[in-house]
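Undergrad: Let me give you the structure first, and then I'll get to my questions.
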Amino acid sequence: MAGDKVLVTGTSGFVGSAVARALIGSGYHVRALLRKTSKRVNLAGLDVEIVEGDMCDAAAVARAMAGARFLFHVAADYRLWARKPDEILWNNREGTRLLMQAALAEGVERIVYTSSVATIACTQDGGQADETMRLSPSGAIGAYKQSKVAAELVVEAMIARDRLPAIIIHPTAPIGPRDQKPTPTGRVVIEAASGRIPGFVDTGLNLVHVDDVASGHLAALRFGTPGEHYILGGQNVLLAEFLGQIAIMCGRHPPKLRLPRPLLYPCAVAAEAMAQVTRREPFLTIDGLRMSKHRMFFTSAKAERDLGYKARPYREALKDALAWFRDNGQLR
């Protein structure tokens with residue numbers, strides 16, 4: 001497969017740029033579909049063929065897809081809040097539909113579609129969820145989760161109806177270098193490292209190094225079965241432990257205050273109202289609080305067994321994330 005042309009969406013972003021690096025390191029020819037306004041910092045020094053255009057533009061998608069043997073659809077509108085929530089749904093669902101249709105028309109041999117654990121239902125008892133525990137559209141909290149569920153249903157329908165050769169993967173919460181925006185998890189790292197998170201709610205998440213997620217993408221291309229789902233995660237960590245580890249690495253005292261979730265809702269309402277004025281995504285959101293009611297713990301056992309997937313300890317990912325944020329001026 002070395003030297004084969006691979007179209008990758010989202011290469012200017014956090015996960016997409018890691019996937020592009022992994023592919024180039026394995027000898028693939030990477031083509032990127034990028035908007036003219038997309039920042040190219042994460043692609044600096046990489047041998048990437050760039051086709052300019054939006055993934056919701058059929059003509060641009062067709063140009064980018066021409067001659068590609070494989071497709072990695074990594075791009076996503078990853079916002080937990082937006083002034084116009086319908087934009088998130090449209091971008092993630094319709095962009096995915098257009099790309100998959102173009103891949104079928106071009107005869108692309110294998111597709112790795114980057115979904116999310118946002119489409120997996122968390123367990124009620126705080127246990128580890130797996131690929132069989134699918135979230136219904138009615139159970140999805142917020143525009144982002146709803147959009148990812150909708151986009152995944154589009155892919156699944158095309159697999160069943162059109163024999164779309166797509167493998168669906170579900171990254172958990174990646175951390176590490178090149179988190180330019182940053183992602184919601186990256187914002188937690190920055191705010192906690194800066195001493196601006198005084199307490200925590202009782203919740204948890206699964207943390208994984210972004211480069212391990214990228215390696216999992218390549219493993220899915222090589223060993224994954226079309227139509228199958230694979231969770232790409234790392235370690236399940238309580239939020240209190242995560243914040244404490246950030247504090248320790250930054251020479252700060254870990255937060256000790258456990259915050260009652262109901263008392264934070266008025267703060268989230270106020271933050272979202274302010275965001276309507278400032279047009280800046282708030283750090284605390286109503287949907288974020290609602291999602292935090294469940295510990296977002298997952299298992300990657302299937303990917304480990306079928307793909308040979310492995311993930312390093314989350315502390316290594318956190319160390320790399322903090323170093324990158326410092327080097328890029330987001331942390332003092």
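Labels used: A, B, ... for chains in the order of the structure tokens, numbers from 1 for residues in each chain, and numbers from 1 for ligands as shown.
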Got a sec: who's within 6 Å of A:Ser300, counting only C-alpha atoms, leaving out chain neighbours fewer than 6 positions off, as a list in words?

TA: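 With the cut-off at 6 Å, the set is Ile231, Leu232 and Gly233 of chain A.
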
Undergrad: Put those residues in a file: N, CA, C and O atoms, as a tab-separated table (two decimals), in the first residue's frame.

TA:
```tsv
chain	number	residue	atom	x	y	z
A	231	ILE	N	-13.50	1.24	19.05
A	231	ILE	CA	-13.19	2.33	19.97
A	231	ILE	C	-11.68	2.45	20.09
A	231	ILE	O	-10.98	1.47	20.33
A	232	LEU	N	-11.15	3.67	19.91
A	232	LEU	CA	-9.74	3.95	20.07
A	232	LEU	C	-9.58	4.85	21.30
A	232	LEU	O	-9.75	6.07	21.23
A	233	GLY	N	-9.28	4.23	22.42
A	233	GLY	CA	-9.17	4.98	23.67
A	233	GLY	C	-7.87	4.69	24.39
A	233	GLY	O	-6.98	3.99	23.88
```

Undergrad: Excluding stretch 183-198 of chain A and any residue of its chain fewer than 6 positions from it, enumerate the residues within 10 Å of it, using only C-alpha atoms, and give them as a PyMOL selection string.

TA: chain A and resi 13-14+78-80+173-177+205+207+242-259+281+283+288+318+321-322+325-326+330-332

Undergrad: Next, the residues of the selection above should be written as a CSV table (one decimal), in the first residue's frame with C-alpha atoms.

TA:
```csv
chain,number,residue,atom,x,y,z
A,13,GLY,CA,-6.9,20.0,12.8
A,14,PHE,CA,-5.7,18.1,15.9
A,78,TYR,CA,-16.2,19.8,17.1
A,79,ARG,CA,-18.0,22.4,19.2
A,80,LEU,CA,-20.0,21.8,22.3
A,173,ALA,CA,-10.8,12.2,24.4
A,174,PRO,CA,-7.4,12.8,22.6
A,175,ILE,CA,-4.7,15.0,24.2
A,176,GLY,CA,-1.2,15.8,23.0
A,177,PRO,CA,0.7,18.1,20.7
A,205,LEU,CA,-13.4,10.5,30.9
A,207,LEU,CA,-7.9,10.0,27.8
A,242,PHE,CA,-7.0,14.4,35.8
A,243,LEU,CA,-7.1,17.9,37.2
A,244,GLY,CA,-4.9,16.8,40.1
A,245,GLN,CA,-2.3,15.4,37.7
A,246,ILE,CA,-2.3,18.6,35.7
A,247,ALA,CA,-1.7,20.6,38.9
A,248,ILE,CA,1.1,18.4,40.0
A,249,MET,CA,2.9,18.6,36.6
A,250,CYS,CA,2.6,22.4,36.8
A,251,GLY,CA,3.7,22.8,40.4
A,252,ARG,CA,0.3,23.8,41.7
A,253,HIS,CA,-2.0,22.4,44.4
A,254,PRO,CA,-4.6,20.0,43.1
A,255,PRO,CA,-8.2,21.3,43.4
A,256,LYS,CA,-10.0,19.8,46.4
A,257,LEU,CA,-13.4,21.4,46.1
A,258,ARG,CA,-16.1,19.0,44.8
A,259,LEU,CA,-18.8,21.1,43.2
A,281,GLU,CA,-17.4,29.6,22.9
A,283,PHE,CA,-15.9,27.1,28.8
A,288,GLY,CA,-21.4,19.9,29.0
A,318,LEU,CA,-0.7,15.0,29.2
A,321,ALA,CA,0.2,18.4,25.7
A,322,LEU,CA,1.5,20.7,28.4
A,325,PHE,CA,0.9,24.4,24.9
A,326,ARG,CA,3.9,26.1,26.7
A,330,GLN,CA,-0.8,29.2,25.5
A,331,LEU,CA,0.7,28.5,28.9
A,332,ARG,CA,3.3,30.5,30.9
```

Undergrad: Could you pull the residues within 8 Å of stretch 33-39 of chain A, counting only C-alpha atoms, minus those fewer than 4 positions along the same chain, as a tab-separated table (two decimals) with N, CA, C and O atoms, in the first residue's frame?

TA:
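The resulting result02.tsv:
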```
chain	number	residue	atom	x	y	z
A	7	LEU	N	-6.78	10.35	0.49
A	7	LEU	CA	-7.41	11.64	0.79
A	7	LEU	C	-7.74	11.68	2.27
A	7	LEU	O	-8.37	10.76	2.81
A	8	VAL	N	-7.31	12.75	2.94
A	8	VAL	CA	-7.57	12.92	4.37
A	8	VAL	C	-8.26	14.26	4.57
A	8	VAL	O	-7.76	15.30	4.14
A	9	THR	N	-9.42	14.24	5.20
A	9	THR	CA	-10.09	15.50	5.56
A	9	THR	C	-9.69	15.88	6.98
A	9	THR	O	-9.34	15.02	7.79
A	10	GLY	N	-9.73	17.18	7.27
A	10	GLY	CA	-9.42	17.64	8.61
A	10	GLY	C	-7.94	17.68	8.94
A	10	GLY	O	-7.55	17.69	10.12
A	11	THR	N	-7.08	17.73	7.92
A	11	THR	CA	-5.63	17.65	8.18
A	11	THR	C	-5.06	18.89	8.87
A	11	THR	O	-3.96	18.84	9.40
A	12	SER	N	-5.79	20.00	8.85
A	12	SER	CA	-5.30	21.18	9.57
A	12	SER	C	-5.60	21.09	11.06
A	12	SER	O	-5.07	21.86	11.85
A	50	ILE	N	-2.25	19.58	-1.41
A	50	ILE	CA	-3.42	20.29	-0.92
A	50	ILE	C	-4.38	20.62	-2.06
A	50	ILE	O	-3.98	21.14	-3.11
A	51	VAL	N	-5.65	20.27	-1.85
A	51	VAL	CA	-6.73	20.68	-2.74
A	51	VAL	C	-7.62	21.61	-1.93
A	51	VAL	O	-8.13	21.23	-0.88
A	52	GLU	N	-7.79	22.83	-2.41
A	52	GLU	CA	-8.58	23.80	-1.67
A	52	GLU	C	-10.06	23.65	-1.98
A	52	GLU	O	-10.45	23.48	-3.14
A	53	GLY	N	-10.87	23.71	-0.93
A	53	GLY	CA	-12.30	23.61	-1.09
A	53	GLY	C	-12.96	23.17	0.19
A	53	GLY	O	-12.30	22.73	1.14
A	54	ASP	N	-14.27	23.30	0.23
A	54	ASP	CA	-15.05	22.93	1.41
A	54	ASP	C	-15.62	21.53	1.22
A	54	ASP	O	-15.99	21.15	0.11
A	55	MET	N	-15.71	20.75	2.31
A	55	MET	CA	-16.21	19.38	2.17
A	55	MET	C	-17.72	19.34	1.92
A	55	MET	O	-18.26	18.26	1.67
A	61	VAL	N	-15.03	18.43	-3.56
A	61	VAL	CA	-14.86	17.07	-3.06
A	61	VAL	C	-14.50	16.12	-4.20
A	61	VAL	O	-13.64	15.24	-4.05
A	64	ALA	N	-10.88	16.55	-5.11
A	64	ALA	CA	-9.99	15.98	-4.10
A	64	ALA	C	-10.00	14.46	-4.14
A	64	ALA	O	-8.98	13.81	-3.87
```

Undergrad: So how many Å separate atom CA of A:Ser17 and atom CA of A:Val48, to one decimal?

TA: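 Pair atom CA of A:Ser17 / atom CA of A:Val48 returns 10.5 Å.
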
Undergrad: Could you pull the residues within 6 Å of A:Val149, counting only C-alpha atoms, minus those fewer than 3 positions along the same chain, as a list of chain:residue names?

TA: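 That gives A:Thr119, A:Gln146, A:Glu152.
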
Undergrad: For the residues in the current selection, export all heavy atoms as a PDB file, in the first residue's frame.

TA:
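What follows is the written file part-v9.pdb:
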```
ATOM      1  N   THR A 119     -21.176   8.863  20.090  1.00  0.00           N
ATOM      2  CA  THR A 119     -22.277   8.047  19.570  1.00  0.00           C
ATOM      3  C   THR A 119     -22.449   6.751  20.359  1.00  0.00           C
ATOM      4  O   THR A 119     -23.292   5.924  20.007  1.00  0.00           O
ATOM      5  CB  THR A 119     -22.047   7.698  18.088  1.00  0.00           C
ATOM      6  OG1 THR A 119     -20.946   6.794  17.980  1.00  0.00           O
ATOM      7  CG2 THR A 119     -21.770   8.941  17.261  1.00  0.00           C
ATOM      8  N   GLN A 146     -25.660  15.009  18.655  1.00  0.00           N
ATOM      9  CA  GLN A 146     -26.729  14.748  17.700  1.00  0.00           C
ATOM     10  C   GLN A 146     -26.182  14.682  16.277  1.00  0.00           C
ATOM     11  O   GLN A 146     -26.580  13.829  15.484  1.00  0.00           O
ATOM     12  CB  GLN A 146     -27.792  15.840  17.808  1.00  0.00           C
ATOM     13  CG  GLN A 146     -28.580  15.806  19.114  1.00  0.00           C
ATOM     14  CD  GLN A 146     -29.343  17.090  19.377  1.00  0.00           C
ATOM     15  OE1 GLN A 146     -29.380  17.988  18.542  1.00  0.00           O
ATOM     16  NE2 GLN A 146     -29.949  17.193  20.555  1.00  0.00           N
ATOM     17  N   GLU A 152     -23.134   9.279  11.560  1.00  0.00           N
ATOM     18  CA  GLU A 152     -22.826   7.849  11.613  1.00  0.00           C
ATOM     19  C   GLU A 152     -23.952   7.018  10.995  1.00  0.00           C
ATOM     20  O   GLU A 152     -23.699   6.021  10.309  1.00  0.00           O
ATOM     21  CB  GLU A 152     -22.588   7.437  13.068  1.00  0.00           C
ATOM     22  CG  GLU A 152     -22.019   6.043  13.217  1.00  0.00           C
ATOM     23  CD  GLU A 152     -21.666   5.743  14.657  1.00  0.00           C
ATOM     24  OE1 GLU A 152     -20.769   6.416  15.204  1.00  0.00           O
ATOM     25  OE2 GLU A 152     -22.303   4.840  15.247  1.00  0.00           O
TER      26      GLU A 152
END
```

Undergrad: Might you pull out every residue within 7 Å of A:His73, with only C-alpha atoms counted and same-chain residues fewer than 2 positions away left off, and present them as a VMD selection string?

TA: chain A and resid 8 to 9 71 75 112 to 114

Undergrad: One decimal, Å: what's the distance from atom CA of A:Val19 over to atom CA of A:Asp77, could you say?

TA: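 Interatomic distance here is 17.1 Å.
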
Undergrad: DSSP on the backbone, then: every residue of stretch 44-261 of chain A marked strand (DSSP E or B), written as a count of residues only.

TA: 44

Undergrad: With only C-alpha atoms as the counted atoms, please give the residues lying no more than 7 Å from A:Leu239, apart from itself and same-chain residues fewer than 6 positions off, as a list in words.

TA: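 So the residues in contact are Phe200, Thr203, Gly204 and Leu205 of chain A.
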
Undergrad: Would you mind exporting all heavy atoms of the selected residues as a PDB file, in the first residue's frame?

TA:
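Written output follows (part11.pdb):
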```
ATOM      1  N   PHE A 200     -14.233  20.587  40.950  1.00  0.00           N
ATOM      2  CA  PHE A 200     -14.598  19.590  39.960  1.00  0.00           C
ATOM      3  C   PHE A 200     -15.952  18.975  40.296  1.00  0.00           C
ATOM      4  O   PHE A 200     -16.412  19.035  41.442  1.00  0.00           O
ATOM      5  CB  PHE A 200     -13.544  18.477  39.911  1.00  0.00           C
ATOM      6  CG  PHE A 200     -13.283  17.844  41.252  1.00  0.00           C
ATOM      7  CD1 PHE A 200     -14.043  16.776  41.707  1.00  0.00           C
ATOM      8  CD2 PHE A 200     -12.278  18.336  42.078  1.00  0.00           C
ATOM      9  CE1 PHE A 200     -13.814  16.210  42.947  1.00  0.00           C
ATOM     10  CE2 PHE A 200     -12.040  17.773  43.328  1.00  0.00           C
ATOM     11  CZ  PHE A 200     -12.824  16.710  43.764  1.00  0.00           C
ATOM     12  N   THR A 203     -17.320  13.201  37.755  1.00  0.00           N
ATOM     13  CA  THR A 203     -17.440  12.608  36.428  1.00  0.00           C
ATOM     14  C   THR A 203     -16.092  12.034  36.043  1.00  0.00           C
ATOM     15  O   THR A 203     -15.113  12.128  36.797  1.00  0.00           O
ATOM     16  CB  THR A 203     -17.934  13.632  35.387  1.00  0.00           C
ATOM     17  OG1 THR A 203     -18.309  12.954  34.189  1.00  0.00           O
ATOM     18  CG2 THR A 203     -16.869  14.661  35.070  1.00  0.00           C
ATOM     19  N   GLY A 204     -16.019  11.430  34.879  1.00  0.00           N
ATOM     20  CA  GLY A 204     -14.765  10.861  34.406  1.00  0.00           C
ATOM     21  C   GLY A 204     -14.748  10.796  32.897  1.00  0.00           C
ATOM     22  O   GLY A 204     -15.789  10.941  32.238  1.00  0.00           O
ATOM     23  N   LEU A 205     -13.580  10.582  32.335  1.00  0.00           N
ATOM     24  CA  LEU A 205     -13.437  10.510  30.882  1.00  0.00           C
ATOM     25  C   LEU A 205     -12.305   9.568  30.528  1.00  0.00           C
ATOM     26  O   LEU A 205     -11.506   9.184  31.388  1.00  0.00           O
ATOM     27  CB  LEU A 205     -13.208  11.893  30.283  1.00  0.00           C
ATOM     28  CG  LEU A 205     -11.906  12.633  30.603  1.00  0.00           C
ATOM     29  CD1 LEU A 205     -11.777  13.851  29.674  1.00  0.00           C
ATOM     30  CD2 LEU A 205     -11.820  13.103  32.038  1.00  0.00           C
TER      31      LEU A 205
END
```

Undergrad: Could you give me the residues within stretch 60-277 of chain A that DSSP places in alpha helix (DSSP H), as a ChimeraX atom specification?

TA: /A:60-65,85-106,142-162,184-193,210-223,239-249,261-277

Undergrad: Using atom CA of A:Ala219 and atom CA of A:Tyr309 as the two end points, give the distance in Å to one decimal.

TA: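 Result for atom CA of A:Ala219 versus atom CA of A:Tyr309: 7.0 Å, one decimal.
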
Undergrad: Looking at only C-alpha atoms, which of A:Thr299, A:Ser26, A:Thr285, A:Thr278 is the one that sits closest to A:Ile120?

TA: A:Thr299

Undergrad: Taking only C-alpha atoms into account, which of A:Pro85, A:Gly199, A:Pro266, A:Gly67 comes nearest A:Tyr144?

TA: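 Ranking A:Pro85, A:Gly199, A:Pro266, A:Gly67 by distance to A:Tyr144, first place goes to A:Pro85.
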
Undergrad: Pick out the closest residue to A:Leu104 from this set: A:Ala22, A:Val269, A:Ala68, A:Ile169. Count only C-alpha atoms.

TA: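 Going through A:Ala22, A:Val269, A:Ala68, A:Ile169 one by one, the smallest distance to A:Leu104 is for A:Ala68.
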
Undergrad: Ranking A:Thr225, A:Asn42, A:Asn328, A:Asn91 by minimum distance to A:Leu164 and counting only C-alpha atoms, which one comes first?

TA: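 Smallest separation from A:Leu164 among the options: A:Thr225.
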
Undergrad: Counting only C-alpha atoms, figure out which residue out of A:Tyr230, A:Phe70, A:Phe298, A:Tyr314 gets nearest to A:Gly107.

TA: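 For A:Gly107, the nearest of the given residues is A:Phe70.
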
Undergrad: Compile the contact shell of A:Ile167 as a list in words: residues with an atom at most 10 Å away, counting only C-alpha atoms, same-chain residues fewer than 2 positions apart removed.

TA: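 Contacts, in chain order: Phe72, Arg110, Ile111, Val112, Tyr113, Thr114, Ser115, Val155, Glu156, Ile159, Leu164, Pro165, Ile169, His217, Ala220, Leu221, Phe223, Gly224, Thr225, Pro226, Gly227, Glu228, His229 and Tyr230 of chain A.
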